[in-house]
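Enquirer: My questions will all concern the structure given below.
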2 protein chains.
Amino acid sequence: MPTYKTRAQFVADDLRRRILGGEFKGGTQLRQDALAKDYEVSRIPVREALLALESEGLVEFHAHRGAFTTELSVAKIRELFELRILLETYVLKRAIPELSDADLQHAENLLRQYDAALDSGGQIDNWSDYNFAFHQALYAPAGLPETMSLISQLNTKSDRYIRMQLLYTQEIEKAEREHHDLLELARQGDIDRACALLEQHIAEACEGIVTVLEKRSQDLQEA
Amino acid sequence: MPTYKTRAQFVADDLRRRILGGEFKGGTQLRQDALAKDYEVSRIPVREALLALESEGLVEFHAHRGAFTTELSVAKIRELFELRILLETYVLKRAIPELSDADLQHAENLLRQYDAALDSGGQIDNWSDYNFAFHQALYAPAGLPETMSLISQLNTKSDRYIRMQLLYTQEIEKAEREHHDLLELARQGDIDRACALLEQHIAEACEGIVTVLEKRSQDLQEA
DNA sequence: CCATCGTAGTTTGTATACAATGTGCAATAC
DNA sequence: GTATTGCACATTGTATACAAACTACGATGG
């Protein structure tokens, strides 16, 4: 918890937002000089920001050639989502027996805010944040911070594609219903069915993304 | 695969080696100026190296206060090793059906080099590298690069403690025998027993480390 | 005597300037 | 006409210099 935010962190946060928002197509070079001008800082904090994003898997550095935004293949996306299933069902299983009333209340509050935001016109921009916050609320009581960190990583990497899917399909309501069901199963302490639902929840999101990607690459070939 | 090595990468590699080698006790501050003098470079590449190590979990940055080497609690070590069991048995299960004769030969060659190095006086320094290379040889055929990357991360984080354990106990020969058994089970395609052995292999290493750590902290309290 | 504030000194964070490397185009040779 | 070489330019990587923030210690007030 840095009490103060350095310029490098500020640039990193904003660049992450822009990349995840889809502003740059995969493989585009991020010129340090241009970004430095954009943010009215020198290239040093920009470099540091890019290095931070590299460690998150959002950009790749090639020595003396610069930073390029990464693009995931369908195979890697499937792999990421398989990992998410493995890790997230693992923590959920550990978390459910530890869930306190306060934890459940907290998760429910998140869902309510969420529903409210949906009704007042879909704010897709920060849907990902809400989404992860809800999952985190269910997972955190397991008391496995390292695991949570890995899950967070995986979510960041796949975030771009989740947003893309949400733009093309109307999956938010479905995900939302599943979230309510998941919370209910967690409340009942039904570990097996909760994990099964979670697995399905993630797997279907994956398939949705792959479908969109393959459709889009077909469109590109036709054009 | 950078064709050329920048100074930042060189410093990062050497610092990683030093940290994992136990040169710095947990929580010590790494002063950029001192390191810059050490390596006869400016502070810029040193900063970048420290940032890289931060993303690997070996150091922590506090804004305007600098970088400190991290120290893992027993709870976090247990968590890391649980994650290793989860992920490594997962890839092993996927890898075994894909293992070609060449893959098995490669793994066996690594074991031989390893045995030879052991006989000619224990080279603990690069034991970790050999160790990971062997495991990687068994896992790689699964064709799951993202998963391998996570496993590699977890190994890096726990590496220091593995070395420490090896210094205090004579576990290398035992690990080595288990490696031979693991290879044999993989060759036979016995997924269940191979995964069970792997799980035991990792879990026992974890217990060994925890034992050493708790003994050491007792010694410190007495002193 | 303890707490709080201010100041000096140290260390980090960032800007500017320079060096090193990669890229692309043009000129030349075949 | 094509391939190769060399040079100019653009971009990254690093050094130096400066600004900002934290720490520690002592002075001042309660």
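Naming works like this for the structure tokens: A, B, ... for the chains as they're shown, residue 1 at the start of each chain, ligands 1 onward in shown order.
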Could you tell me which residues of chain D sit within 12 Å of chain A when counting only C-alpha atoms (C1' of nucleotides), and give me the result as a ChimeraX atom specification?
Expert: /D:10-14,20-22
Enquirer: Taking only C-alpha atoms into account, find every residue of chain A that has an atom no more than 9 Å from chain B, and write it out as a VMD selection string.
Expert: chain A and resid 1 to 6 44 47 to 48 51 to 52 55 to 56 61 to 64 75 to 76 79 to 80 83 86 to 87 90 144 to 147 150
Enquirer: Next, write the just-selected residues to a file, as a PDB file, in the first residue's frame, keeping C-alpha atoms as the atom set.
Expert:
ATOM      1  CA  MET A   1       0.000   0.000   0.000  1.00  0.00           C
ATOM      2  CA  PRO A   2       2.091   2.862  -1.251  1.00  0.00           C
ATOM      3  CA  THR A   3       1.107   5.975   0.611  1.00  0.00           C
ATOM      4  CA  TYR A   4       2.187   8.031  -2.375  1.00  0.00           C
ATOM      5  CA  LYS A   5       1.901   7.363  -6.062  1.00  0.00           C
ATOM      6  CA  THR A   6       4.987   7.830  -8.183  1.00  0.00           C
ATOM      7  CA  ILE A  44      12.328   7.074 -17.283  1.00  0.00           C
ATOM      8  CA  ARG A  47      10.146   2.764 -19.099  1.00  0.00           C
ATOM      9  CA  GLU A  48       9.430   1.680 -15.546  1.00  0.00           C
ATOM     10  CA  LEU A  51       8.546  -2.902 -17.304  1.00  0.00           C
ATOM     11  CA  ALA A  52       5.772  -3.266 -14.752  1.00  0.00           C
ATOM     12  CA  SER A  55       5.733  -8.480 -15.631  1.00  0.00           C
ATOM     13  CA  GLU A  56       1.939  -8.559 -15.885  1.00  0.00           C
ATOM     14  CA  PHE A  61      10.237  -6.046 -24.302  1.00  0.00           C
ATOM     15  CA  HIS A  62      12.752  -6.762 -27.032  1.00  0.00           C
ATOM     16  CA  ALA A  63      16.189  -5.397 -26.213  1.00  0.00           C
ATOM     17  CA  HIS A  64      16.900  -2.209 -28.152  1.00  0.00           C
ATOM     18  CA  ALA A  75      -4.511 -21.881 -27.280  1.00  0.00           C
ATOM     19  CA  LYS A  76      -3.085 -19.585 -24.605  1.00  0.00           C
ATOM     20  CA  GLU A  79      -4.770 -22.447 -21.084  1.00  0.00           C
ATOM     21  CA  LEU A  80      -5.332 -19.359 -18.959  1.00  0.00           C
ATOM     22  CA  LEU A  83      -5.655 -22.446 -14.939  1.00  0.00           C
ATOM     23  CA  LEU A  86      -7.929 -25.097 -11.378  1.00  0.00           C
ATOM     24  CA  LEU A  87      -6.935 -22.287  -9.021  1.00  0.00           C
ATOM     25  CA  TYR A  90      -9.229 -24.724  -5.311  1.00  0.00           C
ATOM     26  CA  LEU A 144      -4.347 -17.760   0.683  1.00  0.00           C
ATOM     27  CA  PRO A 145      -2.780 -14.475  -0.434  1.00  0.00           C
ATOM     28  CA  GLU A 146      -0.193 -15.991  -2.786  1.00  0.00           C
ATOM     29  CA  THR A 147      -2.880 -17.938  -4.569  1.00  0.00           C
ATOM     30  CA  LEU A 150      -1.772 -15.692  -9.059  1.00  0.00           C
TER      31      LEU A 150
END
Enquirer: Quick one: which residues from chain C are at most 7 Å off chain A, using only C-alpha atoms (C1' of nucleotides), as a list of chain:residue names?
Expert: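 Matching residues, ligands excluded from the count: C:DT14, C:DA15, C:DT21, C:DG22.
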Enquirer: Got a sec: who's within 12 Å of Glu98 of chain A, counting only C-alpha atoms (C1' of nucleotides), leaving out chain neighbours fewer than 5 positions off, as a list in words?
Expert: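 Surrounding residues, per the criterion: Val91, Leu92, Lys93, Asp103, Leu104, Ala137, Leu138, Tyr139, Ala140, Pro141, Ala142, Gly143, Leu144, Ala186, Arg187, Gly189 and Ile191 of chain A.
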Enquirer: Keeping only C-alpha atoms, write the selected residues to a file as a compact mmCIF listing (two decimals), in the first residue's frame.
Expert:
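File written: again.txt
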# COMPACT_ATOMS: atom_id res chain seq x y z
CA VAL A 91 -9.57 -21.51 -3.31
CA LEU A 92 -13.35 -21.59 -3.34
CA LYS A 93 -13.27 -25.04 -1.84
CA ASP A 103 -18.13 -12.10 4.22
CA LEU A 104 -21.42 -13.20 2.73
CA ALA A 137 -14.89 -11.48 -1.80
CA LEU A 138 -15.75 -15.16 -2.02
CA TYR A 139 -12.15 -16.34 -2.23
CA ALA A 140 -10.39 -14.11 0.29
CA PRO A 141 -11.63 -15.88 3.45
CA ALA A 142 -9.56 -18.90 2.41
CA GLY A 143 -6.57 -16.91 3.64
CA LEU A 144 -4.35 -17.76 0.68
CA ALA A 186 -21.66 -20.75 -0.93
CA ARG A 187 -24.09 -19.62 1.74
CA GLY A 189 -21.95 -24.50 2.24
CA ILE A 191 -18.83 -26.95 -1.85
Enquirer: Would you pick out the contacts of DT4 of chain D at 10 Å or less, using only C-alpha atoms (C1' of nucleotides), so that residues sharing its chain but fewer than 4 positions from it are not included, and give the list as a PyMOL selection string?
Expert: chain C and resi 28-30
Enquirer: Give me, as a VMD selection string, all polymer residues having an atom no more than 9 Å from Glu108 of chain A, counting only C-alpha atoms (C1' of nucleotides) and skipping those fewer than 4 positions away in the same chain.
Expert: chain A and resid 103 to 104 112 to 113 134 180 183
Enquirer: What is the atom CA of Arg16 of chain A-atom CA of Leu30 of chain A distance in Å, reported with one decimal?
Expert: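 For atom CA of Arg16 of chain A relative to atom CA of Leu30 of chain A, the distance reads 12.2 Å.
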Enquirer: Rounded to one decimal, what separation in Å do you get between atom CA of Glu207 of chain B and atom CA of Phe81 of chain B?
Expert: 9.6 Å
Enquirer: Could you find all residues in segment 44-184 of chain A that DSSP calls strand (DSSP E or B) from the backbone, and write them as a list in words?
Expert: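 Taking segment 44-184 of chain A and keeping strand (DSSP E or B) gives Val59, Glu60, Phe61, His62, Gly66, Ala67, Phe68 and Thr69 of chain A.
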Enquirer: Go ahead and save the residues from that selection, with N, CA, C and O atoms, as a compact mmCIF listing (two decimals), in the first residue's frame.
Expert:
# COMPACT_ATOMS: atom_id res chain seq x y z
N VAL A 59 2.64 -6.40 -22.02
CA VAL A 59 3.55 -5.99 -23.09
C VAL A 59 4.79 -6.88 -23.05
O VAL A 59 5.04 -7.57 -22.05
N GLU A 60 5.55 -6.85 -24.13
CA GLU A 60 6.79 -7.61 -24.21
C GLU A 60 7.92 -6.67 -24.61
O GLU A 60 7.75 -5.84 -25.49
N PHE A 61 9.06 -6.84 -23.96
CA PHE A 61 10.24 -6.05 -24.30
C PHE A 61 11.15 -6.85 -25.21
O PHE A 61 11.42 -8.02 -24.97
N HIS A 62 11.67 -6.18 -26.24
CA HIS A 62 12.75 -6.76 -27.03
C HIS A 62 13.91 -5.78 -26.94
O HIS A 62 13.74 -4.60 -27.26
N GLY A 66 12.30 -2.18 -28.09
CA GLY A 66 11.19 -1.54 -27.41
C GLY A 66 10.12 -2.49 -26.91
O GLY A 66 10.29 -3.70 -26.89
N ALA A 67 9.01 -1.90 -26.54
CA ALA A 67 7.91 -2.65 -25.93
C ALA A 67 6.77 -2.79 -26.93
O ALA A 67 6.43 -1.84 -27.64
N PHE A 68 6.19 -3.97 -26.97
CA PHE A 68 5.06 -4.23 -27.86
C PHE A 68 3.93 -4.84 -27.05
O PHE A 68 4.17 -5.66 -26.16
N THR A 69 2.70 -4.44 -27.37
CA THR A 69 1.58 -5.07 -26.67
C THR A 69 1.49 -6.52 -27.11
O THR A 69 1.76 -6.86 -28.26
Enquirer: Check the DSSP output for the backbone and give back, as number ranges by chain, the residues of segment 9-118 of chain B in helix (DSSP H, G or I).
Expert: B: 9-20, 32-39, 43-55, 74-98, 101-118
Enquirer: Quick one: everything within 12 Å of DT28 of chain D, counting only C-alpha atoms (C1' of nucleotides), minus sequence neighbours fewer than 2 positions away in the same chain. Send it as an NGL selection string.
Expert: (:C and (3-6)) or (:D and (26 or 30))
